[in-house]
>>> print(open('start00.txt').read())   # compact mmCIF, C-alpha atoms
# COMPACT_ATOMS: atom_id res chain seq x y z
CA MET B 1 7.24 103.77 214.78
CA ILE B 2 8.32 101.64 217.71
CA ILE B 3 12.04 101.15 218.23
CA LEU B 4 12.99 98.19 220.42
CA ILE B 5 16.60 98.29 221.64
CA THR B 6 18.08 95.32 223.43
CA GLY B 7 21.44 93.65 223.81
CA ALA B 8 24.02 92.51 226.28
CA SER B 9 24.92 94.40 229.43
CA HIS B 10 27.18 97.46 228.99
CA THR B 11 26.72 97.61 225.18
CA GLY B 12 25.30 101.13 225.16
CA LYS B 13 21.59 100.41 224.82
CA THR B 14 20.70 103.40 226.99
CA VAL B 15 23.19 105.66 225.19
CA LEU B 16 21.65 104.69 221.84
CA ALA B 17 18.11 105.24 223.19
CA GLN B 18 19.15 108.67 224.44
CA ARG B 19 20.65 109.58 221.06
CA LEU B 20 17.50 108.43 219.25
CA LEU B 21 15.36 110.44 221.64
CA GLU B 22 17.44 113.52 220.89
CA LYS B 23 17.31 112.93 217.12
CA TYR B 24 13.64 111.91 216.70
CA HIS B 25 12.02 113.31 219.85
CA TYR B 26 10.18 110.01 220.42
CA PRO B 27 9.05 109.16 223.95
CA TYR B 28 11.40 106.72 225.66
CA LEU B 29 10.66 103.81 228.02
CA SER B 30 13.50 102.26 229.98
CA MET B 31 12.70 98.71 231.01
CA ASP B 32 15.19 99.18 233.87
CA HIS B 33 13.11 102.09 235.20
CA LEU B 34 9.96 99.99 234.97
CA LYS B 35 11.75 97.11 236.72
CA MET B 36 13.02 99.28 239.56
CA GLY B 37 9.66 101.01 239.98
CA LEU B 38 7.92 97.67 240.39
CA ILE B 39 10.62 96.34 242.73
CA ARG B 40 10.93 99.48 244.89
CA SER B 41 7.15 99.87 245.16
CA GLY B 42 6.79 96.32 246.44
CA ASN B 43 4.65 95.25 243.48
CA THR B 44 6.93 92.26 242.91
CA ASP B 45 9.17 90.07 245.04
CA LEU B 46 11.72 89.87 242.23
CA THR B 47 15.13 91.50 242.64
CA PRO B 48 17.38 93.25 240.11
CA TYR B 49 19.34 89.98 239.85
CA ASP B 50 16.40 87.84 238.67
CA ASP B 51 17.05 88.47 234.96
CA ASP B 52 15.23 85.46 233.49
CA LYS B 53 12.25 85.92 235.77
CA LEU B 54 12.22 89.65 235.05
CA THR B 55 11.96 89.01 231.31
CA THR B 56 8.95 86.76 231.91
CA TYR B 57 7.43 89.35 234.26
CA LEU B 58 8.17 92.58 232.34
CA TRP B 59 7.80 91.55 228.71
CA PRO B 60 3.99 90.97 228.77
CA ILE B 61 3.53 94.48 230.20
CA VAL B 62 5.89 96.12 227.70
CA ARG B 63 4.47 94.07 224.81
CA GLU B 64 0.98 95.43 225.50
CA MET B 65 2.34 98.97 225.83
CA VAL B 66 3.93 98.57 222.39
CA LYS B 67 0.65 97.33 220.91
CA THR B 68 -1.22 100.25 222.46
CA ALA B 69 1.27 102.76 221.05
CA ILE B 70 0.97 101.21 217.57
CA GLU B 71 -2.83 101.18 217.74
CA ASN B 72 -2.76 104.88 218.64
CA LYS B 73 -0.21 105.66 215.91
CA GLN B 74 2.30 106.84 218.49
CA ASP B 75 6.09 106.62 218.35
CA LEU B 76 8.02 105.01 221.19
CA ILE B 77 11.57 103.92 222.00
CA VAL B 78 11.73 100.91 224.33
CA GLU B 79 15.14 100.00 225.71
CA GLY B 80 16.25 97.16 227.92
CA CYS B 81 17.62 93.67 228.19
CA TYR B 82 14.26 92.09 229.08
CA ILE B 83 13.09 91.46 225.52
CA PRO B 84 12.80 87.71 224.82
CA TYR B 85 14.57 86.10 221.87
CA ASN B 86 11.24 85.10 220.30
CA TRP B 87 9.57 88.51 220.78
CA ARG B 88 8.20 88.55 217.20
CA ALA B 89 5.86 85.65 218.00
CA ASP B 90 3.84 88.08 220.16
CA PHE B 91 2.91 90.36 217.25
CA ASP B 92 1.00 89.86 214.01
CA LYS B 93 2.19 91.36 210.69
CA GLU B 94 0.27 94.60 211.17
CA TYR B 95 2.14 95.30 214.41
CA LEU B 96 5.52 94.07 213.15
CA LYS B 97 5.58 96.49 210.22
CA ASN B 98 5.63 99.32 212.81
CA ILE B 99 8.51 97.93 214.89
CA ARG B 100 12.24 98.48 214.28
CA PHE B 101 14.39 96.04 216.29
CA ILE B 102 17.97 96.78 217.31
CA CYS B 103 20.20 94.39 219.23
CA LEU B 104 23.71 95.38 220.32
CA ALA B 105 26.53 93.01 221.27
CA PHE B 106 30.28 93.19 221.65
CA THR B 107 32.64 90.77 219.98
CA ASP B 108 35.24 89.01 222.14
CA ASN B 109 37.87 91.11 220.39
CA TYR B 110 36.15 94.35 221.40
CA ILE B 111 35.71 93.24 225.02
CA VAL B 112 39.33 92.16 225.42
CA ASN B 113 40.76 95.26 223.73
CA ASN B 114 38.38 97.80 225.29
CA PHE B 115 37.44 96.44 228.72
CA GLY B 116 38.76 99.55 230.48
CA LYS B 117 36.64 101.82 228.26
CA ILE B 118 33.57 99.64 228.77
CA VAL B 119 33.86 99.93 232.55
CA GLU B 120 34.74 103.64 232.34
CA HIS B 121 31.57 104.41 230.35
CA ALA B 122 29.25 102.06 232.25
CA SER B 123 27.46 104.94 233.99
CA ASP B 124 27.44 107.51 231.20
CA VAL B 125 23.63 107.83 231.15
CA GLU B 126 22.42 105.90 234.20
CA LYS B 127 24.40 105.40 237.37
CA ARG B 128 25.27 101.78 238.16
CA LEU B 129 25.28 101.25 241.89
CA ASP B 130 27.29 98.02 241.86
CA ASP B 131 29.31 96.95 238.86
CA SER B 132 31.60 94.52 240.67
CA ASP B 133 30.34 91.55 238.65
CA CYS B 134 31.58 93.11 235.41
CA THR B 135 34.63 91.13 234.34
CA ILE B 136 35.97 90.27 230.91
CA GLU B 137 34.76 86.69 231.21
CA TRP B 138 31.29 87.73 232.44
CA LEU B 139 30.91 90.20 229.54
CA ARG B 140 32.05 87.58 227.05
CA LYS B 141 29.52 85.10 228.43
CA CYS B 142 26.65 87.64 228.36
CA ASN B 143 27.46 88.72 224.81
CA HIS B 144 27.72 85.13 223.56
CA GLU B 145 24.30 84.37 225.05
CA ILE B 146 22.73 87.43 223.41
CA ILE B 147 24.33 86.74 220.03
CA GLU B 148 23.37 83.06 220.04
CA GLY B 149 19.86 83.69 221.40
CA PHE B 150 18.86 86.43 218.99
CA THR B 151 20.60 85.08 215.88
CA GLY B 152 19.10 81.68 216.70
CA SER B 153 15.69 83.36 216.54
CA GLY B 154 16.51 84.89 213.17
CA GLU B 155 17.31 88.39 214.42
CA GLU B 156 20.11 90.61 213.19
CA VAL B 157 22.60 91.58 215.88
CA THR B 158 24.77 94.68 215.51
CA LEU B 159 28.24 93.49 216.49
CA ILE B 160 30.51 96.11 217.94
CA ASP B 161 33.99 94.95 217.01
CA SER B 162 36.43 97.78 216.47
CA ASP B 163 34.94 101.13 217.36
CA TYR B 164 31.77 101.75 219.35
CA GLU B 165 31.27 105.28 218.05
CA SER B 166 31.28 104.13 214.42
CA SER B 167 28.80 101.30 215.10
CA VAL B 168 26.15 103.30 216.98
CA PRO B 169 25.68 106.08 214.39
CA THR B 170 25.29 103.41 211.69
CA VAL B 171 22.43 101.86 213.63
CA ARG B 172 20.94 105.25 214.52
CA ASP B 173 21.06 106.49 210.95
CA SER B 174 19.48 103.31 209.53
CA ILE B 175 16.13 104.08 211.17
>>> encode(input="start00.txt", output="structure tokens")
Amino acid sequence: MIILITGASHTGKTVLAQRLLEKYHYPYLSMDHLKMGLIRSGNTDLTPYDDDKLTTYLWPIVREMVKTAIENKQDLIVEGCYIPYNWRADFDKEYLKNIRFICLAFTDNYIVNNFGKIVEHASDVEKRLDDSDCTIEWLRKCNHEIIEGFTGSGEEVTLIDSDYESSVPTVRDSI
């Protein structure tokens, strides 16, 4: 099985991927690690701030890695924000039946009531070097874009509204 995890910034995608790795022992690919490897090695002129361009650049690589894993009957967790809204269009039915998609987003209510916790836990799994752009309004904007983009493409989005810890196990246990 392939598990694709995406969502808005700071929503715990990496935490969820780590928990799934621990539970299922599936290999794990961080799209952020792939991004930074390509940037730091000089294999792209893109920067960590080129989000839209990075999706266009990274997704074709990751898509073909997913297909290869399915063809070889291998399990894989792929986590990152560089999965396009219309990702399903890149796979036929035989591939899609092997993919579990998870998208995480915060509600405005959660952001406003838990902003301090969100910032406090921002580096729980991976260290963020610069998180100065993380404001309540920026998080609200990012989450609205993710919710609208993925629901507009017919995807289910797991909305974290009251308690993060009760939402993540529900997603984890549904696999």
>>> closest_residue(input="start00.txt", among="B:Asp52, B:Asp45, B:Asp32, B:Glu145", to="Glu79 (chain B)", atoms="only C-alpha atoms")
B:Asp32
>>> closest_residue(input="start00.txt", among="B:Ser9, B:Asn114, B:Ser30, B:Thr107", to="Leu76 (chain B)", atoms="all atoms listed in the file")
B:Ser30
>>> closest_residue(input="start00.txt", among="B:Leu104, B:Met36, B:Leu96, B:Ile147", to="Lys67 (chain B)", atoms="only C-alpha atoms")
B:Leu96
>>> closest_residue(input="start00.txt", among="B:Ala69, B:Ile160, B:Ile77, B:Ile146", to="Asn113 (chain B)", atoms="all atoms listed in the file")
B:Ile160
>>> atom_distance(input="start00.txt", atom1="CA of Thr11 (chain B)", atom2="CA of Leu46 (chain B)")
24.0 Å
>>> closest_residue(input="start00.txt", among="B:Trp138, B:Tyr26, B:Trp87, B:Phe150", to="Trp59 (chain B)", atoms="only C-alpha atoms")
B:Trp87
